[in-house]
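Asker: Below is model03.cif; it holds mmCIF, C-alpha atoms.
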data_input
#
loop_
_atom_site.label_atom_id
_atom_site.label_comp_id
_atom_site.auth_asym_id
_atom_site.auth_seq_id
_atom_site.Cartn_x
_atom_site.Cartn_y
_atom_site.Cartn_z
CA MET A 1 -44.81 33.57 75.96
CA THR A 2 -45.98 32.74 72.49
CA ASN A 3 -44.14 29.49 71.71
CA THR A 4 -45.06 29.81 68.07
CA ALA A 5 -42.87 30.66 65.13
CA THR A 6 -42.83 34.26 63.95
CA SER A 7 -44.51 34.68 60.61
CA ARG A 8 -42.71 36.16 57.62
CA ALA A 9 -45.22 38.98 57.40
CA ALA A 10 -45.30 39.99 61.04
CA PHE A 11 -41.72 40.23 62.17
CA ASP A 12 -40.43 43.48 63.64
CA LEU A 13 -36.98 44.57 62.42
CA SER A 14 -36.57 47.59 64.66
CA LEU A 15 -33.79 46.31 66.93
CA TYR A 16 -31.94 43.38 65.40
CA LEU A 17 -29.24 41.70 67.48
CA VAL A 18 -26.44 39.87 65.66
CA LEU A 19 -24.70 37.59 68.14
CA ASP A 20 -20.93 37.42 68.22
CA PRO A 21 -19.94 34.25 70.11
CA ASP A 22 -16.48 35.47 71.04
CA MET A 23 -17.76 38.77 72.40
CA CYS A 24 -20.55 37.02 74.32
CA GLY A 25 -18.31 34.26 75.69
CA GLY A 26 -19.40 31.13 73.83
CA VAL A 27 -22.77 29.42 73.80
CA ALA A 28 -23.68 30.07 77.45
CA GLY A 29 -22.75 33.71 77.02
CA MET A 30 -24.87 34.01 73.88
CA VAL A 31 -27.86 32.59 75.73
CA ARG A 32 -27.37 35.07 78.61
CA VAL A 33 -26.92 38.03 76.24
CA THR A 34 -29.94 36.99 74.18
CA GLU A 35 -32.21 36.70 77.19
CA ALA A 36 -31.11 40.07 78.55
CA ALA A 37 -31.32 41.73 75.15
CA ILE A 38 -34.85 40.44 74.58
CA ASN A 39 -35.80 41.81 78.01
CA GLY A 40 -34.35 45.12 76.84
CA GLY A 41 -36.40 45.18 73.65
CA VAL A 42 -34.51 43.33 70.90
CA THR A 43 -36.97 42.20 68.22
CA VAL A 44 -34.85 39.82 66.11
CA VAL A 45 -31.85 37.62 67.01
CA GLN A 46 -29.34 36.38 64.46
CA LEU A 47 -26.83 33.65 65.24
CA ARG A 48 -23.61 34.44 63.40
CA ALA A 49 -20.41 32.59 64.25
CA LEU A 50 -17.94 33.23 61.45
CA GLY A 51 -15.35 30.48 61.35
CA TRP A 52 -17.17 28.16 63.75
CA ARG A 53 -17.46 24.52 62.75
CA LYS A 54 -20.98 23.29 62.08
CA ARG A 55 -21.31 21.11 65.19
CA ALA A 56 -20.55 24.00 67.54
CA PHE A 57 -22.79 26.30 65.49
CA TRP A 58 -25.63 23.76 65.73
CA ASP A 59 -25.09 23.40 69.49
CA ALA A 60 -25.51 27.16 69.82
CA ALA A 61 -28.61 27.15 67.62
CA CYS A 62 -30.14 24.34 69.70
CA ALA A 63 -29.60 26.43 72.85
CA LEU A 64 -31.01 29.64 71.37
CA GLN A 65 -34.02 28.29 69.50
CA PRO A 66 -36.29 27.44 72.47
CA LEU A 67 -35.41 30.73 74.20
CA CYS A 68 -36.25 32.85 71.16
CA ARG A 69 -39.35 30.81 70.35
CA SER A 70 -40.68 31.13 73.91
CA ARG A 71 -40.20 34.90 73.78
CA GLY A 72 -41.78 35.30 70.35
CA VAL A 73 -38.59 36.73 68.88
CA PRO A 74 -37.49 35.27 65.53
CA LEU A 75 -34.16 33.43 65.47
CA ILE A 76 -32.33 33.94 62.19
CA ILE A 77 -29.41 31.69 61.25
CA ASN A 78 -26.49 33.23 59.38
CA ASP A 79 -25.34 31.33 56.29
CA HIS A 80 -26.10 27.74 57.32
CA ILE A 81 -29.48 26.73 55.94
CA ASP A 82 -28.89 23.15 57.10
CA VAL A 83 -28.66 24.33 60.70
CA ALA A 84 -31.78 26.50 60.25
CA LEU A 85 -33.65 23.42 58.99
CA ALA A 86 -32.25 21.21 61.75
CA VAL A 87 -33.42 23.48 64.58
CA ASP A 88 -36.54 24.86 62.84
CA ALA A 89 -35.26 28.42 63.09
CA ASP A 90 -37.49 31.27 61.89
CA GLY A 91 -35.21 32.17 59.01
CA VAL A 92 -31.77 32.63 57.54
CA HIS A 93 -29.54 35.51 56.60
CA VAL A 94 -27.27 35.07 53.60
CA GLY A 95 -24.41 37.24 52.44
CA GLN A 96 -23.19 37.69 48.89
CA LYS A 97 -20.74 34.78 49.39
CA ASP A 98 -23.33 32.43 50.89
CA LEU A 99 -25.98 30.38 49.09
CA PRO A 100 -28.24 32.55 46.89
CA ALA A 101 -31.51 33.64 48.50
CA LYS A 102 -33.49 31.76 45.86
CA GLU A 103 -31.82 28.49 46.87
CA ALA A 104 -32.48 29.34 50.51
CA ARG A 105 -36.16 29.90 49.70
CA ARG A 106 -36.37 26.61 47.81
CA LEU A 107 -34.88 24.73 50.77
CA LEU A 108 -36.77 26.57 53.52
CA GLY A 109 -40.20 26.92 51.95
CA ASP A 110 -42.57 29.87 52.05
CA THR A 111 -42.98 30.35 55.77
CA LYS A 112 -39.42 31.28 56.75
CA ILE A 113 -37.80 34.72 56.86
CA ILE A 114 -34.91 35.31 54.46
CA GLY A 115 -32.52 38.24 54.69
CA VAL A 116 -29.69 39.22 52.36
CA SER A 117 -26.66 41.45 52.93
CA VAL A 118 -26.59 44.37 50.49
CA SER A 119 -23.88 47.01 50.03
CA ASN A 120 -24.87 48.71 46.80
CA ALA A 121 -27.65 49.36 44.30
CA GLN A 122 -26.93 46.31 42.16
CA GLN A 123 -27.11 43.94 45.11
CA TRP A 124 -30.30 45.69 46.24
CA ARG A 125 -31.89 45.12 42.81
CA ASP A 126 -30.89 41.46 42.92
CA ALA A 127 -32.45 41.11 46.37
CA GLU A 128 -35.59 42.94 45.20
CA THR A 129 -36.16 40.43 42.41
CA GLY A 130 -35.07 37.50 44.56
CA ALA A 131 -36.61 35.73 47.48
CA ALA A 132 -35.61 38.06 50.32
CA ASP A 133 -37.97 39.45 52.94
CA TYR A 134 -35.48 42.01 54.17
CA ILE A 135 -32.02 43.30 53.40
CA GLY A 136 -29.23 44.15 55.77
CA VAL A 137 -27.73 47.33 54.30
CA GLY A 138 -24.21 48.35 55.18
CA PRO A 139 -21.71 48.64 56.54
CA VAL A 140 -22.78 52.04 57.86
CA GLN A 141 -19.30 52.45 59.33
CA LEU A 142 -16.31 50.14 59.09
CA THR A 143 -16.54 47.37 61.64
CA ALA A 144 -14.06 45.05 63.29
CA THR A 145 -16.72 42.35 63.72
CA LYS A 146 -16.94 41.70 59.98
CA PRO A 147 -13.67 42.86 58.46
CA GLU A 148 -14.50 41.44 55.02
CA ALA A 149 -17.54 43.71 54.65
CA GLY A 150 -17.17 46.27 51.86
CA PRO A 151 -16.31 49.97 52.20
CA ALA A 152 -18.46 51.98 54.60
CA LEU A 153 -21.53 53.76 53.21
CA GLY A 154 -21.62 56.35 55.97
CA VAL A 155 -24.96 57.68 57.19
CA GLU A 156 -25.20 59.97 54.15
CA GLY A 157 -24.39 57.12 51.76
CA LEU A 158 -27.07 55.03 53.43
CA ARG A 159 -29.60 57.86 53.06
CA THR A 160 -28.72 58.28 49.37
CA LEU A 161 -28.97 54.55 48.68
CA LEU A 162 -32.35 54.33 50.44
CA ALA A 163 -33.67 57.40 48.65
CA SER A 164 -32.75 55.98 45.26
CA MET A 165 -33.76 52.37 45.90
CA LYS A 166 -36.66 52.23 48.31
CA SER A 167 -39.92 51.95 46.47
CA PRO A 168 -43.34 52.38 48.07
CA ALA A 169 -44.50 49.37 46.07
CA SER A 170 -41.83 47.10 47.47
CA THR A 171 -42.38 44.83 50.45
CA LEU A 172 -38.65 44.44 50.98
CA ARG A 173 -37.72 45.74 54.40
CA THR A 174 -34.40 47.23 55.45
CA VAL A 175 -32.12 47.06 58.45
CA ALA A 176 -28.90 49.04 58.69
CA ILE A 177 -25.77 47.27 59.94
CA GLY A 178 -22.13 48.06 60.60
CA SER A 179 -20.99 49.93 63.74
CA VAL A 180 -24.46 51.14 64.59
CA ASN A 181 -24.54 52.19 68.25
CA VAL A 182 -26.38 54.42 70.69
CA HIS A 183 -24.58 57.50 69.34
CA ASN A 184 -25.51 57.16 65.68
CA ALA A 185 -28.68 55.04 65.94
CA ARG A 186 -31.12 57.96 65.64
CA ALA A 187 -29.36 59.38 62.60
CA VAL A 188 -29.30 55.92 61.03
CA MET A 189 -33.04 55.39 61.68
CA GLU A 190 -33.78 58.79 60.13
CA THR A 191 -32.35 57.61 56.80
CA GLY A 192 -35.56 55.63 56.41
CA VAL A 193 -34.52 52.09 57.39
CA ASP A 194 -37.00 49.85 59.20
CA GLY A 195 -34.50 48.97 61.89
CA ILE A 196 -30.95 48.82 63.09
CA ALA A 197 -28.76 45.75 63.52
CA VAL A 198 -26.10 45.80 66.20
CA VAL A 199 -23.30 43.48 67.29
CA SER A 200 -20.85 45.16 69.71
CA ALA A 201 -23.39 47.68 71.00
CA ILE A 202 -25.09 44.81 72.84
CA CYS A 203 -22.69 41.83 72.79
CA ALA A 204 -19.75 43.83 74.14
CA SER A 205 -21.83 45.59 76.77
CA LYS A 206 -21.53 44.60 80.41
CA ALA A 207 -25.27 45.28 80.71
CA PRO A 208 -26.88 44.01 77.50
CA GLU A 209 -30.43 44.55 78.76
CA GLU A 210 -29.77 48.21 79.49
CA ALA A 211 -27.84 48.56 76.24
CA ALA A 212 -30.82 47.22 74.30
CA ARG A 213 -33.22 49.45 76.21
CA ALA A 214 -31.09 52.53 75.52
CA LEU A 215 -31.05 51.71 71.81
CA CYS A 216 -34.84 51.27 71.82
CA GLU A 217 -35.26 54.66 73.42
CA VAL A 218 -32.97 56.35 70.90
CA ILE A 219 -34.75 54.83 67.90
CA GLY A 220 -38.17 55.39 69.47
CA SER A 221 -39.38 51.80 69.31
CA MET B 222 -24.61 6.83 31.07
CA THR B 223 -27.11 6.15 33.76
CA ASN B 224 -28.37 9.63 34.70
CA THR B 225 -29.99 8.26 37.81
CA ALA B 226 -28.99 8.73 41.41
CA THR B 227 -26.92 6.00 43.01
CA SER B 228 -28.86 4.10 45.63
CA ARG B 229 -27.69 3.84 49.21
CA ALA B 230 -27.50 0.09 48.97
CA ALA B 231 -25.61 -0.21 45.72
CA PHE B 232 -22.74 2.20 45.92
CA ASP B 233 -19.19 0.95 45.44
CA LEU B 234 -16.64 2.35 47.90
CA SER B 235 -13.55 0.75 46.38
CA LEU B 236 -11.83 3.87 45.02
CA TYR B 237 -13.13 7.03 46.65
CA LEU B 238 -11.81 10.38 45.41
CA VAL B 239 -11.84 13.34 47.79
CA LEU B 240 -11.42 16.51 45.76
CA ASP B 241 -9.06 19.22 46.93
CA PRO B 242 -9.94 22.44 45.08
CA ASP B 243 -6.54 24.03 45.55
CA MET B 244 -4.66 20.98 44.31
CA CYS B 245 -7.02 20.61 41.35
CA GLY B 246 -6.97 24.30 40.43
CA GLY B 247 -10.44 25.55 41.35
CA VAL B 248 -13.82 24.48 40.00
CA ALA B 249 -12.73 23.90 36.39
CA GLY B 250 -9.78 21.87 37.61
CA MET B 251 -12.02 19.77 39.86
CA VAL B 252 -14.31 19.01 36.91
CA ARG B 253 -11.32 17.94 34.76
CA VAL B 254 -9.82 15.80 37.52
CA THR B 255 -13.20 14.21 38.29
CA GLU B 256 -13.86 13.31 34.66
CA ALA B 257 -10.38 11.82 34.25
CA ALA B 258 -10.55 10.01 37.58
CA ILE B 259 -13.91 8.45 36.73
CA ASN B 260 -12.44 7.30 33.41
CA GLY B 261 -9.64 5.75 35.45
CA GLY B 262 -12.02 3.86 37.72
CA VAL B 263 -12.97 6.09 40.66
CA THR B 264 -16.25 4.85 42.16
CA VAL B 265 -17.21 7.73 44.52
CA VAL B 266 -16.44 11.47 44.38
CA GLN B 267 -16.52 13.71 47.44
CA LEU B 268 -16.47 17.49 47.18
CA ARG B 269 -14.47 18.85 50.10
CA ALA B 270 -13.35 22.46 50.14
CA LEU B 271 -12.26 23.31 53.65
CA GLY B 272 -12.46 27.03 54.24
CA TRP B 273 -14.44 27.80 51.08
CA ARG B 274 -17.43 30.08 51.42
CA LYS B 275 -20.79 28.48 50.68
CA ARG B 276 -21.43 30.28 47.36
CA ALA B 277 -18.17 29.03 45.83
CA PHE B 278 -18.76 25.57 47.29
CA TRP B 279 -22.25 25.50 45.75
CA ASP B 280 -20.86 26.65 42.39
CA ALA B 281 -18.47 23.70 42.47
CA ALA B 282 -21.24 21.29 43.46
CA CYS B 283 -23.43 22.58 40.62
CA ALA B 284 -20.60 21.87 38.16
CA LEU B 285 -19.83 18.40 39.50
CA GLN B 286 -23.35 17.07 40.05
CA PRO B 287 -24.39 16.55 36.39
CA LEU B 288 -21.00 15.04 35.55
CA CYS B 289 -21.14 12.50 38.38
CA ARG B 290 -24.81 11.76 37.80
CA SER B 291 -24.26 11.13 34.09
CA ARG B 292 -21.45 8.70 34.87
CA GLY B 293 -23.35 6.87 37.60
CA VAL B 294 -20.80 7.81 40.25
CA PRO B 295 -22.20 9.14 43.52
CA LEU B 296 -21.31 12.70 44.46
CA ILE B 297 -20.88 13.12 48.21
CA ILE B 298 -20.83 16.60 49.76
CA ASN B 299 -18.52 17.21 52.68
CA ASP B 300 -20.10 18.92 55.70
CA HIS B 301 -22.69 21.14 53.97
CA ILE B 302 -26.05 19.38 53.98
CA ASP B 303 -27.71 22.51 52.60
CA VAL B 304 -25.53 22.32 49.49
CA ALA B 305 -26.25 18.59 49.15
CA LEU B 306 -29.98 19.36 49.26
CA ALA B 307 -29.64 22.28 46.86
CA VAL B 308 -27.89 20.25 44.15
CA ASP B 309 -29.58 16.90 44.90
CA ALA B 310 -26.24 15.23 45.60
CA ASP B 311 -26.16 11.51 46.36
CA GLY B 312 -25.04 11.99 49.93
CA VAL B 313 -22.99 13.78 52.52
CA HIS B 314 -19.90 13.09 54.56
CA VAL B 315 -19.73 14.54 58.06
CA GLY B 316 -16.78 14.74 60.42
CA GLN B 317 -16.89 14.77 64.18
CA LYS B 318 -17.11 18.59 64.15
CA ASP B 319 -19.89 18.75 61.55
CA LEU B 320 -23.61 18.16 62.04
CA PRO B 321 -24.35 14.77 63.62
CA ALA B 322 -25.19 11.98 61.18
CA LYS B 323 -28.66 11.61 62.71
CA GLU B 324 -29.43 15.25 61.88
CA ALA B 325 -28.08 14.69 58.39
CA ARG B 326 -30.37 11.67 57.95
CA ARG B 327 -33.36 13.65 59.19
CA LEU B 328 -32.68 16.43 56.69
CA LEU B 329 -31.73 14.21 53.73
CA GLY B 330 -34.25 11.38 54.09
CA ASP B 331 -33.76 7.66 53.60
CA THR B 332 -32.42 7.57 50.06
CA LYS B 333 -29.15 9.45 50.48
CA ILE B 334 -25.73 8.09 51.41
CA ILE B 335 -24.26 9.28 54.72
CA GLY B 336 -20.63 8.84 55.70
CA VAL B 337 -18.91 9.72 58.97
CA SER B 338 -15.22 10.25 59.78
CA VAL B 339 -14.02 7.87 62.47
CA SER B 340 -10.63 7.74 64.20
CA ASN B 341 -11.20 5.38 67.12
CA ALA B 342 -13.40 2.66 68.58
CA GLN B 343 -15.76 5.06 70.39
CA GLN B 344 -16.47 7.07 67.25
CA TRP B 345 -16.98 3.78 65.36
CA ARG B 346 -19.56 2.61 67.94
CA ASP B 347 -21.36 5.97 67.67
CA ALA B 348 -21.45 5.63 63.88
CA GLU B 349 -22.65 2.02 64.15
CA THR B 350 -25.67 3.06 66.21
CA GLY B 351 -26.24 6.21 64.17
CA ALA B 352 -27.45 6.85 60.69
CA ALA B 353 -24.25 6.25 58.71
CA ASP B 354 -23.95 4.02 55.65
CA TYR B 355 -20.17 4.03 55.70
CA ILE B 356 -17.31 5.35 57.78
CA GLY B 357 -14.09 6.95 56.63
CA VAL B 358 -11.46 5.49 58.96
CA GLY B 359 -8.18 7.25 59.48
CA PRO B 360 -5.91 8.95 59.11
CA VAL B 361 -3.85 5.97 57.97
CA GLN B 362 -0.80 8.23 57.88
CA LEU B 363 -0.51 11.90 58.77
CA THR B 364 -1.67 14.10 55.94
CA ALA B 365 -1.06 17.69 54.92
CA THR B 366 -4.49 17.89 53.24
CA LYS B 367 -6.35 17.66 56.56
CA PRO B 368 -3.95 18.85 59.24
CA GLU B 369 -6.61 18.83 61.96
CA ALA B 370 -7.15 15.06 61.58
CA GLY B 371 -6.14 13.10 64.66
CA PRO B 372 -2.95 11.04 65.17
CA ALA B 373 -2.18 8.48 62.48
CA LEU B 374 -3.45 4.93 62.99
CA GLY B 375 -0.81 3.37 60.73
CA VAL B 376 -1.66 0.31 58.66
CA GLU B 377 -1.30 -1.93 61.71
CA GLY B 378 -3.50 0.35 63.82
CA LEU B 379 -6.11 0.27 61.07
CA ARG B 380 -5.95 -3.54 60.95
CA THR B 381 -6.33 -3.77 64.73
CA LEU B 382 -9.28 -1.36 64.77
CA LEU B 383 -11.03 -3.24 61.96
CA ALA B 384 -10.41 -6.61 63.61
CA SER B 385 -11.92 -5.40 66.87
CA MET B 386 -14.81 -3.42 65.43
CA LYS B 387 -15.97 -4.96 62.17
CA SER B 388 -18.92 -7.22 62.74
CA PRO B 389 -20.30 -9.63 60.15
CA ALA B 390 -23.79 -8.54 61.20
CA SER B 391 -23.10 -4.88 60.48
CA THR B 392 -24.01 -3.22 57.21
CA LEU B 393 -21.67 -0.30 57.95
CA ARG B 394 -19.02 -0.14 55.26
CA THR B 395 -15.49 1.18 55.62
CA VAL B 396 -13.11 3.28 53.56
CA ALA B 397 -9.58 4.07 54.71
CA ILE B 398 -8.32 7.65 54.37
CA GLY B 399 -5.17 9.65 55.10
CA SER B 400 -2.11 9.52 52.84
CA VAL B 401 -3.27 6.41 51.02
CA ASN B 402 -1.36 6.11 47.75
CA VAL B 403 -0.22 3.59 45.17
CA HIS B 404 2.58 2.41 47.45
CA ASN B 405 0.51 1.50 50.50
CA ALA B 406 -2.91 0.91 48.87
CA ARG B 407 -2.60 -2.87 48.72
CA ALA B 408 -1.52 -3.15 52.37
CA VAL B 409 -4.37 -0.83 53.35
CA MET B 410 -6.95 -2.90 51.42
CA GLU B 411 -5.63 -6.07 53.06
CA THR B 412 -6.63 -4.72 56.48
CA GLY B 413 -10.21 -5.51 55.49
CA VAL B 414 -11.60 -2.12 54.44
CA ASP B 415 -14.12 -1.93 51.62
CA GLY B 416 -12.19 0.77 49.83
CA ILE B 417 -9.57 3.46 49.89
CA ALA B 418 -10.08 7.22 49.81
CA VAL B 419 -7.41 9.38 48.23
CA VAL B 420 -6.80 13.09 47.82
CA SER B 421 -3.26 13.89 46.67
CA ALA B 422 -2.73 10.53 44.95
CA ILE B 423 -5.19 11.69 42.25
CA CYS B 424 -5.68 15.46 42.71
CA ALA B 425 -1.93 16.21 42.72
CA SER B 426 -1.19 13.89 39.80
CA LYS B 427 -0.44 15.32 36.36
CA ALA B 428 -2.32 12.34 34.94
CA PRO B 429 -5.32 11.70 37.21
CA GLU B 430 -6.85 9.07 34.90
CA GLU B 431 -3.66 6.99 34.95
CA ALA B 432 -3.27 7.60 38.70
CA ALA B 433 -6.78 6.27 39.30
CA ARG B 434 -6.17 3.29 37.00
CA ALA B 435 -2.93 2.44 38.81
CA LEU B 436 -4.72 2.54 42.16
CA CYS B 437 -7.49 0.28 40.81
CA GLU B 438 -4.90 -2.24 39.64
CA VAL B 439 -3.13 -2.25 43.00
CA ILE B 440 -6.34 -2.79 44.97
CA GLY B 441 -7.67 -5.28 42.43
CA SER B 442 -10.93 -3.51 41.65
#
For this file, write the structure as structure tokens.
Answerer:
Amino acid sequence: MTNTATSRAAFDLSLYLVLDPDMCGGVAGMVRVTEAAINGGVTVVQLRALGWRKRAFWDAACALQPLCRSRGVPLIINDHIDVALAVDADGVHVGQKDLPAKEARRLLGDTKIIGVSVSNAQQWRDAETGAADYIGVGPVQLTATKPEAGPALGVEGLRTLLASMKSPASTLRTVAIGSVNVHNARAVMETGVDGIAVVSAICASKAPEEAARALCEVIGS
Amino acid sequence: MTNTATSRAAFDLSLYLVLDPDMCGGVAGMVRVTEAAINGGVTVVQLRALGWRKRAFWDAACALQPLCRSRGVPLIINDHIDVALAVDADGVHVGQKDLPAKEARRLLGDTKIIGVSVSNAQQWRDAETGAADYIGVGPVQLTATKPEAGPALGVEGLRTLLASMKSPASTLRTVAIGSVNVHNARAVMETGVDGIAVVSAICASKAPEEAARALCEVIGS
């Protein structure tokens, strides 16, 4: 147990779990899935609860924060910077319709992790010049868990985008998201991303620890 | 023009406008309605945009903040404490399903105004012992602008609640909300509240300045 916050520089993106509260079965289910998934090798946990009211979202964050902190796995809060501040989460993830990353940085200070959702080259450039530590690139395939996400890049589209955008000079890290699972995870990793983000592949599994472990094996982390 | 923030102690609750972005016609419409309503005598403006994504909400807050600040009228942000922090709003208003007022106070510090929605004696007691400066009590009548609000108190129910709860020793102020309009505003004020909050009565009016002025005349402010 580390019981200390994960630093911005040191976090490991390789297997990034995005929690879906409905798939997990509410707050208690998210805690169970998170614990099992960390045992199986998940390196980052994001709390995302699209459509949840703030009180319920905060309740979930309060339950997850001590678990993640004790296991040395960063807890990232989707969208709600106020909740991230309230529970002293390790960072936030903002989409293109959420607060801009620069505002997030101003509110959170220099020690917290900030991620941004990116679907194309323009958004990548904006993130590069902004305050983000990493970008979530996708969707790799169309996904039912975030129906408002843009058109799918496909594995080839992801590879092309990475090849044209990823600069050796940049410190911006990348995680691929959108229907990434045990079947396509290796191909996705081979596009050059630093990690994969999964929702259903762990949250919808009856055995989230084994699901996480299988993904780790496939991506070689 | 004052161009300074309104202090927690000094704010005037008498005519409290809650903006409805759809009724006003988006951000530009909210700015027009706010300017007219302040000319007509509105003393507090709350930005509420239920269901809006955070980026659009922040855009609206950025447009409203300098207007309200320049007119010396506090701008209160509904629910989103991160947006209130980002635009340096004068305060926040939280409902029973939003972050608790104590968390809001911790994030916002001692200078900002905090309001809480209250529908019954228990919620009032919680607000009294919490961090709130004022409570929005209601709904006075059922309202289409906040369908998830609880059962209507009615003017008599409001009077009974105030008579049983309002203590001379308390500094907690009260504003009545929920289908308050020019027809019932005087009766609502006579229950003992410190002000009335309106949505449709101003936002849905073709002449928001005159609508605000008429409300001021009825409540004698």
Asker: Report as a ChimeraX atom specification the full result of the PyMOL selection byres ((chain B) within 9 of (chain A)) when it is applied to this structure.
Answerer: /B:272,274-279,300-304,306-307,317-321,324-325,327-328
Asker: Using the selection just defined, write its residues with C-alpha atoms as a short mmCIF file (atom, residue, chain, number, x, y, z; two decimals), in the coordinates of the input.
Answerer:
data_model
loop_
_atom_site.label_atom_id
_atom_site.label_comp_id
_atom_site.auth_asym_id
_atom_site.auth_seq_id
_atom_site.Cartn_x
_atom_site.Cartn_y
_atom_site.Cartn_z
CA GLY B 272 -12.46 27.03 54.24
CA ARG B 274 -17.43 30.08 51.42
CA LYS B 275 -20.79 28.48 50.68
CA ARG B 276 -21.43 30.28 47.36
CA ALA B 277 -18.17 29.03 45.83
CA PHE B 278 -18.76 25.57 47.29
CA TRP B 279 -22.25 25.50 45.75
CA ASP B 300 -20.10 18.92 55.70
CA HIS B 301 -22.69 21.14 53.97
CA ILE B 302 -26.05 19.38 53.98
CA ASP B 303 -27.71 22.51 52.60
CA VAL B 304 -25.53 22.32 49.49
CA LEU B 306 -29.98 19.36 49.26
CA ALA B 307 -29.64 22.28 46.86
CA GLN B 317 -16.89 14.77 64.18
CA LYS B 318 -17.11 18.59 64.15
CA ASP B 319 -19.89 18.75 61.55
CA LEU B 320 -23.61 18.16 62.04
CA PRO B 321 -24.35 14.77 63.62
CA GLU B 324 -29.43 15.25 61.88
CA ALA B 325 -28.08 14.69 58.39
CA ARG B 327 -33.36 13.65 59.19
CA LEU B 328 -32.68 16.43 56.69
#
Asker: Starting from the displayed file, determine the output of the PyMOL selection byres ((chain A and resi 60) around 12) and express the residue list as an mmCIF file with C-alpha atoms, in the frame of the given file.
Answerer:
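Generated file (result_18.cif):
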data_model
loop_
_atom_site.group_PDB
_atom_site.id
_atom_site.type_symbol
_atom_site.label_atom_id
_atom_site.label_comp_id
_atom_site.auth_asym_id
_atom_site.auth_seq_id
_atom_site.Cartn_x
_atom_site.Cartn_y
_atom_site.Cartn_z
ATOM 1 C CA LEU A 19 -24.700 37.590 68.140
ATOM 2 C CA ASP A 20 -20.930 37.420 68.220
ATOM 3 C CA PRO A 21 -19.940 34.250 70.110
ATOM 4 C CA CYS A 24 -20.550 37.020 74.320
ATOM 5 C CA GLY A 25 -18.310 34.260 75.690
ATOM 6 C CA GLY A 26 -19.400 31.130 73.830
ATOM 7 C CA VAL A 27 -22.770 29.420 73.800
ATOM 8 C CA ALA A 28 -23.680 30.070 77.450
ATOM 9 C CA GLY A 29 -22.750 33.710 77.020
ATOM 10 C CA MET A 30 -24.870 34.010 73.880
ATOM 11 C CA VAL A 31 -27.860 32.590 75.730
ATOM 12 C CA ARG A 32 -27.370 35.070 78.610
ATOM 13 C CA THR A 34 -29.940 36.990 74.180
ATOM 14 C CA GLN A 46 -29.340 36.380 64.460
ATOM 15 C CA LEU A 47 -26.830 33.650 65.240
ATOM 16 C CA ARG A 48 -23.610 34.440 63.400
ATOM 17 C CA ALA A 49 -20.410 32.590 64.250
ATOM 18 C CA TRP A 52 -17.170 28.160 63.750
ATOM 19 C CA ARG A 53 -17.460 24.520 62.750
ATOM 20 C CA LYS A 54 -20.980 23.290 62.080
ATOM 21 C CA ARG A 55 -21.310 21.110 65.190
ATOM 22 C CA ALA A 56 -20.550 24.000 67.540
ATOM 23 C CA PHE A 57 -22.790 26.300 65.490
ATOM 24 C CA TRP A 58 -25.630 23.760 65.730
ATOM 25 C CA ASP A 59 -25.090 23.400 69.490
ATOM 26 C CA ALA A 61 -28.610 27.150 67.620
ATOM 27 C CA CYS A 62 -30.140 24.340 69.700
ATOM 28 C CA ALA A 63 -29.600 26.430 72.850
ATOM 29 C CA LEU A 64 -31.010 29.640 71.370
ATOM 30 C CA GLN A 65 -34.020 28.290 69.500
ATOM 31 C CA PRO A 66 -36.290 27.440 72.470
ATOM 32 C CA LEU A 67 -35.410 30.730 74.200
ATOM 33 C CA LEU A 75 -34.160 33.430 65.470
ATOM 34 C CA ILE A 77 -29.410 31.690 61.250
ATOM 35 C CA VAL A 83 -28.660 24.330 60.700
ATOM 36 C CA ALA A 84 -31.780 26.500 60.250
ATOM 37 C CA VAL A 87 -33.420 23.480 64.580
ATOM 38 C CA ALA A 89 -35.260 28.420 63.090
#
Asker: State, in Å with one decimal place, the distance from atom CA of Ala212 of chain A to atom CA of Ala127 of chain A.
Answerer: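 A separation of 28.6 Å between them.
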Asker: Please write as a ChimeraX atom specification the list of polymer residues whose atoms come within 12 Å of (-35.2, 39.2, 45.2), counting all atoms listed in the file and keeping to the coordinates of the file.
Answerer: /A:100-105,114-118,122-135,170-173
Asker: Please indicate the distance in Å from atom CA of Gly413 of chain B to atom CA of Cys437 of chain B, rounded to one decimal place.
Answerer: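 Atom CA of Cys437 of chain B lies 16.0 Å from atom CA of Gly413 of chain B.
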Asker: For segment 203-206 of chain A, find every residue with an atom within 7 Å (counting all atoms listed in the file), except residues of its own chain fewer than 2 positions away, and show them as an NGL selection string.
Answerer: :A and (19-20 or 23-24 or 33 or 199-201 or 208 or 211)
Asker: Please provide as a ChimeraX atom specification all residues within 9 Å of Glu431 of chain B, with the sequence filter that same-chain residues fewer than 2 positions apart are discarded (counting only C-alpha atoms).
Answerer: /B:257-258,260-261,423,426,428-429,433-436
Asker: Figure out the distance between atom CA of Ala418 of chain B and atom CA of Thr395 of chain B, please, to one decimal in Å.
Answerer: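 Separating atom CA of Thr395 of chain B from atom CA of Ala418 of chain B is a distance of 10.0 Å.
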Asker: Excluding same-chain residues fewer than 2 positions from segment 137-146 of chain A, what lies within 9 Å of it counting all atoms listed in the file, as an MDAnalysis selection string?
Answerer: chainID A and resid 20 50 116:120 124 135 148:155 157:158 174:180 188 193 199:200
